[in-house]
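> There's a structure below that I have some questions on.
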Amino acid sequence: MPTDFNAEEYFVELADHGHGLSFGNLDAKSVVYMTFDTQCRWCVWQYRQFEPYLDRIKFVWHPVVVLNPWSELQGAAILSAKDPQATFLKHEEHIQDPNFKGLDVRGMTLPFEAREAVWTNTKIFRRSGAREVPFGVLRNANGRYVPIAEQTGDSFAKLVGL
């Protein structure tokens, strides 16, 4: 965790300028903005840790580029898909594939705007001082901003107060 990390600033910048896909209870008072790299197996693990809370929390996942060039293209493919949530889940189903981790974007033509959106997310991530994914911030029901690094489901429930 960066020593000078400003959780509220990170949350607001992702809310105002980030591009992500929403899961969970879209009307929830508690909201989590997560940044993830499509090539990150820990990010898939993190999503699965959060699944039991989808009925009570709103989650917005923002693809960023941290690990390799495929991250930009896969993130853009997810953001520009007709059904981004289904495409995200399809990508996760294939993250362990031996030939290509996740969505196979080789040969895809992706909208420049979607690729640019992934880079906008990445700039927000980097300006915050974050270095590793998965990484995010929770705005709880009381309006408090809390940074989130890797969390088990149980530790997340305690953090949120569930």
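Scheme for the structure tokens: letters A, B, ... for chains in order shown; per-chain residue numbers from 1; ligand numbers from 1 in order shown.
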Report as JSON lines: every residue of segment 51-89 of chain A with an atom at most 12 Å from segment 10-17 of chain A, its closest pair of atoms, and their distance in Å to one decimal, counting only C-alpha atoms, with rows sorted by chain and ascending residue number.

{"residue": "A:Phe59", "atom": "CA", "partner": "A:Ala15", "partner_atom": "CA", "distance": 11.7}
{"residue": "A:Val60", "atom": "CA", "partner": "A:Ala15", "partner_atom": "CA", "distance": 9.3}
{"residue": "A:Trp61", "atom": "CA", "partner": "A:Leu14", "partner_atom": "CA", "distance": 10.0}
{"residue": "A:His62", "atom": "CA", "partner": "A:Leu14", "partner_atom": "CA", "distance": 8.2}
{"residue": "A:Pro63", "atom": "CA", "partner": "A:Leu14", "partner_atom": "CA", "distance": 11.2}
{"residue": "A:Val64", "atom": "CA", "partner": "A:Leu14", "partner_atom": "CA", "distance": 11.6}
> Within 7 Å of segment 36-42 of chain A, which residues of segment 77-144 of chain A come that close, and what is the closest atom pair and distance in Å for each? Count only C-alpha atoms and give it as a Markdown table.

| residue | atom | partner | partner_atom | distance |
| --- | --- | --- | --- | --- |
| A:Ile95 | CA | A:Arg41 | CA | 6.9 |
| A:Lys101 | CA | A:Gln39 | CA | 6.7 |
| A:Val133 | CA | A:Phe36 | CA | 5.4 |
| A:Pro134 | CA | A:Phe36 | CA | 5.0 |
| A:Phe135 | CA | A:Phe36 | CA | 6.9 |
> Would you write out those residues with C-alpha atoms, as an mmCIF file, in the first residue's frame?

data_model
loop_
_atom_site.group_PDB
_atom_site.id
_atom_site.type_symbol
_atom_site.label_atom_id
_atom_site.label_comp_id
_atom_site.auth_asym_id
_atom_site.auth_seq_id
_atom_site.Cartn_x
_atom_site.Cartn_y
_atom_site.Cartn_z
ATOM 1 C CA ILE A 95 -7.470 -17.822 -17.613
ATOM 2 C CA LYS A 101 -4.570 -17.010 -20.933
ATOM 3 C CA VAL A 133 -3.313 -5.835 -8.831
ATOM 4 C CA PRO A 134 -5.909 -6.640 -7.701
ATOM 5 C CA PHE A 135 -6.246 -3.295 -5.989
#
> Among chain A, which residues does DSSP mark as strand (DSSP E) when it is run on the backbone? Keep the chain and numbering as in the structure and answer as a ChimeraX atom specification.
/A:21-24,31-36,58-63,135-139,145-148
> Could you dump the residues just selected with N, CA and C atoms as a PDB file, in the first residue's frame?

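And here's selection_29.pdb as it stands now:
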ATOM      1  N   LEU A  21     -16.829  -2.234 -15.511  1.00  0.00           N
ATOM      2  CA  LEU A  21     -18.063  -2.978 -15.658  1.00  0.00           C
ATOM      3  C   LEU A  21     -18.571  -3.329 -14.280  1.00  0.00           C
ATOM      4  N   SER A  22     -19.866  -3.206 -14.117  1.00  0.00           N
ATOM      5  CA  SER A  22     -20.487  -3.352 -12.799  1.00  0.00           C
ATOM      6  C   SER A  22     -21.057  -4.744 -12.594  1.00  0.00           C
ATOM      7  N   PHE A  23     -20.923  -5.195 -11.355  1.00  0.00           N
ATOM      8  CA  PHE A  23     -21.501  -6.461 -10.907  1.00  0.00           C
ATOM      9  C   PHE A  23     -22.156  -6.216  -9.562  1.00  0.00           C
ATOM     10  N   GLY A  24     -23.069  -7.094  -9.217  1.00  0.00           N
ATOM     11  CA  GLY A  24     -23.633  -7.048  -7.879  1.00  0.00           C
ATOM     12  C   GLY A  24     -24.868  -6.186  -7.774  1.00  0.00           C
ATOM     13  N   VAL A  31     -19.896   0.430  -2.110  1.00  0.00           N
ATOM     14  CA  VAL A  31     -19.423   0.296  -3.487  1.00  0.00           C
ATOM     15  C   VAL A  31     -17.927   0.004  -3.457  1.00  0.00           C
ATOM     16  N   VAL A  32     -17.498  -0.933  -4.304  1.00  0.00           N
ATOM     17  CA  VAL A  32     -16.086  -1.266  -4.435  1.00  0.00           C
ATOM     18  C   VAL A  32     -15.664  -1.008  -5.876  1.00  0.00           C
ATOM     19  N   TYR A  33     -14.620  -0.203  -6.039  1.00  0.00           N
ATOM     20  CA  TYR A  33     -13.991  -0.013  -7.348  1.00  0.00           C
ATOM     21  C   TYR A  33     -12.683  -0.781  -7.323  1.00  0.00           C
ATOM     22  N   MET A  34     -12.566  -1.763  -8.206  1.00  0.00           N
ATOM     23  CA  MET A  34     -11.357  -2.585  -8.285  1.00  0.00           C
ATOM     24  C   MET A  34     -10.653  -2.346  -9.614  1.00  0.00           C
ATOM     25  N   THR A  35      -9.323  -2.339  -9.572  1.00  0.00           N
ATOM     26  CA  THR A  35      -8.531  -2.367 -10.793  1.00  0.00           C
ATOM     27  C   THR A  35      -7.937  -3.762 -10.897  1.00  0.00           C
ATOM     28  N   PHE A  36      -7.923  -4.275 -12.121  1.00  0.00           N
ATOM     29  CA  PHE A  36      -7.434  -5.627 -12.355  1.00  0.00           C
ATOM     30  C   PHE A  36      -6.721  -5.673 -13.695  1.00  0.00           C
ATOM     31  N   LYS A  58     -22.074  -3.297  -4.502  1.00  0.00           N
ATOM     32  CA  LYS A  58     -21.850  -2.980  -5.918  1.00  0.00           C
ATOM     33  C   LYS A  58     -20.341  -3.025  -6.162  1.00  0.00           C
ATOM     34  N   PHE A  59     -19.941  -3.770  -7.169  1.00  0.00           N
ATOM     35  CA  PHE A  59     -18.537  -3.879  -7.557  1.00  0.00           C
ATOM     36  C   PHE A  59     -18.377  -3.348  -8.971  1.00  0.00           C
ATOM     37  N   VAL A  60     -17.369  -2.521  -9.191  1.00  0.00           N
ATOM     38  CA  VAL A  60     -17.048  -2.044 -10.538  1.00  0.00           C
ATOM     39  C   VAL A  60     -15.592  -2.409 -10.797  1.00  0.00           C
ATOM     40  N   TRP A  61     -15.371  -3.211 -11.827  1.00  0.00           N
ATOM     41  CA  TRP A  61     -14.041  -3.709 -12.178  1.00  0.00           C
ATOM     42  C   TRP A  61     -13.487  -2.904 -13.349  1.00  0.00           C
ATOM     43  N   HIS A  62     -12.307  -2.320 -13.149  1.00  0.00           N
ATOM     44  CA  HIS A  62     -11.647  -1.469 -14.144  1.00  0.00           C
ATOM     45  C   HIS A  62     -10.391  -2.164 -14.661  1.00  0.00           C
ATOM     46  N   PRO A  63     -10.352  -2.541 -15.951  1.00  0.00           N
ATOM     47  CA  PRO A  63      -9.141  -3.175 -16.475  1.00  0.00           C
ATOM     48  C   PRO A  63      -7.995  -2.169 -16.614  1.00  0.00           C
ATOM     49  N   PHE A 135      -6.315  -4.413  -6.922  1.00  0.00           N
ATOM     50  CA  PHE A 135      -6.246  -3.295  -5.989  1.00  0.00           C
ATOM     51  C   PHE A 135      -7.484  -2.436  -6.166  1.00  0.00           C
ATOM     52  N   GLY A 136      -8.022  -1.951  -5.069  1.00  0.00           N
ATOM     53  CA  GLY A 136      -9.213  -1.138  -5.181  1.00  0.00           C
ATOM     54  C   GLY A 136      -9.501  -0.342  -3.933  1.00  0.00           C
ATOM     55  N   VAL A 137     -10.698   0.185  -3.912  1.00  0.00           N
ATOM     56  CA  VAL A 137     -11.134   0.990  -2.774  1.00  0.00           C
ATOM     57  C   VAL A 137     -12.632   0.765  -2.564  1.00  0.00           C
ATOM     58  N   LEU A 138     -12.977   0.691  -1.300  1.00  0.00           N
ATOM     59  CA  LEU A 138     -14.363   0.526  -0.883  1.00  0.00           C
ATOM     60  C   LEU A 138     -14.865   1.846  -0.326  1.00  0.00           C
ATOM     61  N   ARG A 139     -16.065   2.255  -0.746  1.00  0.00           N
ATOM     62  CA  ARG A 139     -16.782   3.322  -0.034  1.00  0.00           C
ATOM     63  C   ARG A 139     -17.905   2.606   0.693  1.00  0.00           C
ATOM     64  N   TYR A 145     -13.860   5.708   3.040  1.00  0.00           N
ATOM     65  CA  TYR A 145     -13.107   5.119   1.937  1.00  0.00           C
ATOM     66  C   TYR A 145     -12.000   4.241   2.502  1.00  0.00           C
ATOM     67  N   VAL A 146     -11.962   2.984   2.045  1.00  0.00           N
ATOM     68  CA  VAL A 146     -11.029   2.005   2.584  1.00  0.00           C
ATOM     69  C   VAL A 146     -10.298   1.329   1.427  1.00  0.00           C
ATOM     70  N   PRO A 147      -8.954   1.357   1.408  1.00  0.00           N
ATOM     71  CA  PRO A 147      -8.222   0.658   0.349  1.00  0.00           C
ATOM     72  C   PRO A 147      -8.378  -0.855   0.488  1.00  0.00           C
ATOM     73  N   ILE A 148      -8.372  -1.520  -0.658  1.00  0.00           N
ATOM     74  CA  ILE A 148      -8.507  -2.974  -0.675  1.00  0.00           C
ATOM     75  C   ILE A 148      -7.383  -3.566  -1.519  1.00  0.00           C
TER      76      ILE A 148
END
> With only C-alpha atoms as the atoms that count, which of A:Gly18, A:Pro111, A:Gly143, A:Pro52 lies nearest to Phe156 of chain A?
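Among the listed residues, the smallest separation from Phe156 of chain A belongs to A:Pro52.
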> Just list the residues in segment 20-125 of chain A DSSP gives helix (DSSP H, G or I) on the backbone, as a PyMOL selection string.
chain A and resi 41-53+70-80+84-93+112-125
> For those residues, write C-alpha atoms to a file as a PDB file, in the first residue's frame.

ATOM      1  CA  ARG A  41      -4.673 -14.981 -11.947  1.00  0.00           C
ATOM      2  CA  TRP A  42      -4.918 -13.356  -8.494  1.00  0.00           C
ATOM      3  CA  CYS A  43      -7.480 -10.931  -9.917  1.00  0.00           C
ATOM      4  CA  VAL A  44      -9.643 -13.892 -10.936  1.00  0.00           C
ATOM      5  CA  TRP A  45      -9.197 -15.309  -7.421  1.00  0.00           C
ATOM      6  CA  GLN A  46     -10.226 -11.923  -5.979  1.00  0.00           C
ATOM      7  CA  TYR A  47     -13.412 -11.786  -8.041  1.00  0.00           C
ATOM      8  CA  ARG A  48     -14.332 -15.247  -6.769  1.00  0.00           C
ATOM      9  CA  GLN A  49     -13.725 -14.146  -3.182  1.00  0.00           C
ATOM     10  CA  PHE A  50     -16.224 -11.320  -3.717  1.00  0.00           C
ATOM     11  CA  GLU A  51     -18.931 -13.451  -5.391  1.00  0.00           C
ATOM     12  CA  PRO A  52     -20.794 -14.301  -2.155  1.00  0.00           C
ATOM     13  CA  TYR A  53     -21.367 -10.577  -1.576  1.00  0.00           C
ATOM     14  CA  TRP A  70      -2.319  -8.656 -23.934  1.00  0.00           C
ATOM     15  CA  SER A  71      -3.776  -6.839 -20.917  1.00  0.00           C
ATOM     16  CA  GLU A  72      -4.710  -3.786 -22.981  1.00  0.00           C
ATOM     17  CA  LEU A  73      -6.338  -5.785 -25.755  1.00  0.00           C
ATOM     18  CA  GLN A  74      -8.237  -8.142 -23.461  1.00  0.00           C
ATOM     19  CA  GLY A  75      -9.413  -5.232 -21.318  1.00  0.00           C
ATOM     20  CA  ALA A  76     -10.596  -3.413 -24.442  1.00  0.00           C
ATOM     21  CA  ALA A  77     -12.388  -6.552 -25.654  1.00  0.00           C
ATOM     22  CA  ILE A  78     -14.239  -6.805 -22.349  1.00  0.00           C
ATOM     23  CA  LEU A  79     -15.170  -3.103 -22.231  1.00  0.00           C
ATOM     24  CA  SER A  80     -16.364  -3.007 -25.854  1.00  0.00           C
ATOM     25  CA  PRO A  84     -19.178  -6.868 -20.862  1.00  0.00           C
ATOM     26  CA  GLN A  85     -20.133  -8.860 -17.756  1.00  0.00           C
ATOM     27  CA  ALA A  86     -20.560 -12.107 -19.703  1.00  0.00           C
ATOM     28  CA  THR A  87     -17.322 -11.444 -21.601  1.00  0.00           C
ATOM     29  CA  PHE A  88     -15.472 -10.821 -18.312  1.00  0.00           C
ATOM     30  CA  LEU A  89     -16.762 -14.141 -16.945  1.00  0.00           C
ATOM     31  CA  LYS A  90     -15.870 -15.959 -20.187  1.00  0.00           C
ATOM     32  CA  HIS A  91     -12.374 -14.483 -19.945  1.00  0.00           C
ATOM     33  CA  GLU A  92     -12.063 -15.768 -16.379  1.00  0.00           C
ATOM     34  CA  GLU A  93     -13.171 -19.267 -17.433  1.00  0.00           C
ATOM     35  CA  PHE A 112      -9.580   2.614 -30.253  1.00  0.00           C
ATOM     36  CA  GLU A 113     -11.892   4.183 -27.656  1.00  0.00           C
ATOM     37  CA  ALA A 114     -11.958   0.936 -25.667  1.00  0.00           C
ATOM     38  CA  ARG A 115      -8.165   0.612 -25.793  1.00  0.00           C
ATOM     39  CA  GLU A 116      -7.865   4.237 -24.724  1.00  0.00           C
ATOM     40  CA  ALA A 117     -10.290   3.581 -21.833  1.00  0.00           C
ATOM     41  CA  VAL A 118      -7.995   0.833 -20.513  1.00  0.00           C
ATOM     42  CA  TRP A 119      -5.093   3.317 -20.615  1.00  0.00           C
ATOM     43  CA  THR A 120      -7.170   5.943 -18.804  1.00  0.00           C
ATOM     44  CA  ASN A 121      -7.786   3.405 -16.037  1.00  0.00           C
ATOM     45  CA  THR A 122      -4.077   2.598 -16.010  1.00  0.00           C
ATOM     46  CA  LYS A 123      -3.109   6.249 -15.626  1.00  0.00           C
ATOM     47  CA  ILE A 124      -5.490   6.611 -12.671  1.00  0.00           C
ATOM     48  CA  PHE A 125      -4.006   3.439 -11.143  1.00  0.00           C
TER      49      PHE A 125
END
